[in-house]
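First up is the structure itself, then whatever we jot down about it.
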Amino acid sequence: MRQQNRMGVRKKIQQRLGYALARRLPPCEEVAPVLSASLDRKLTLRERVVTRLHLLICAGCRRYFQQLLFLREAMHRHAHHFENGQAPDATALSPEARDRLKRALSDE
Ligand SMILES: [Zn+2]
């Protein structure tokens, strides 16, 4: 029982700190572009502190940042597809598929 009370008090303190922090930090709309910029440049000390604190209390921005990191990682992993400055043409048919299609159409 006593242990439960202590946990309850701790949770309340964390919640109050979270609210106090949230009131002093910039909103998501201001933090999101900084998160995005952090992939391209080194953030200033102030930007780093503010974004880290914001990420502590904001699940939405944490998810957004994880998605940014995932996309960057995927782009790096598949960079060889984009080396000539063009995206791969995913809609193009293979030569075999093109031949099959031509044969099927000429048979009719
Ligand atoms: Zn946020």
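Residues are referred to by chain and number: the chain letter is A, B, ... according to the order shown in the structure tokens, the number counts from 1 in that chain, and ligands are numbered separately from 1 in the order shown.
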
Contact residues around range 4-21 of chain A with only C-alpha atoms at 12 Å, ignoring same-chain residues under 6 positions, as number ranges by chain: A: 27, 50-58

Non-local contacts of range 32-34 of chain A (12 Å; only C-alpha atoms; under 3 positions in same chain excluded) as an NGL selection string: :A and (26-29 or 37-44 or 46-52 or 54-55 or 58 or 60-68)

d(CA of Leu25 in chain A, CA of Glu73 in chain A) in Å: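 Rounded to one decimal, the two atoms are 28.7 Å apart.
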
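Note that the spacing between CA of His81 in chain A and CA of Pro95 in chain A amounts to 19.3 Å.
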
Those of range 28-88 of chain A in DSSP alpha helix (DSSP H), formatted as a PyMOL selection string: chain A and resi 28-37+45-57+59-77
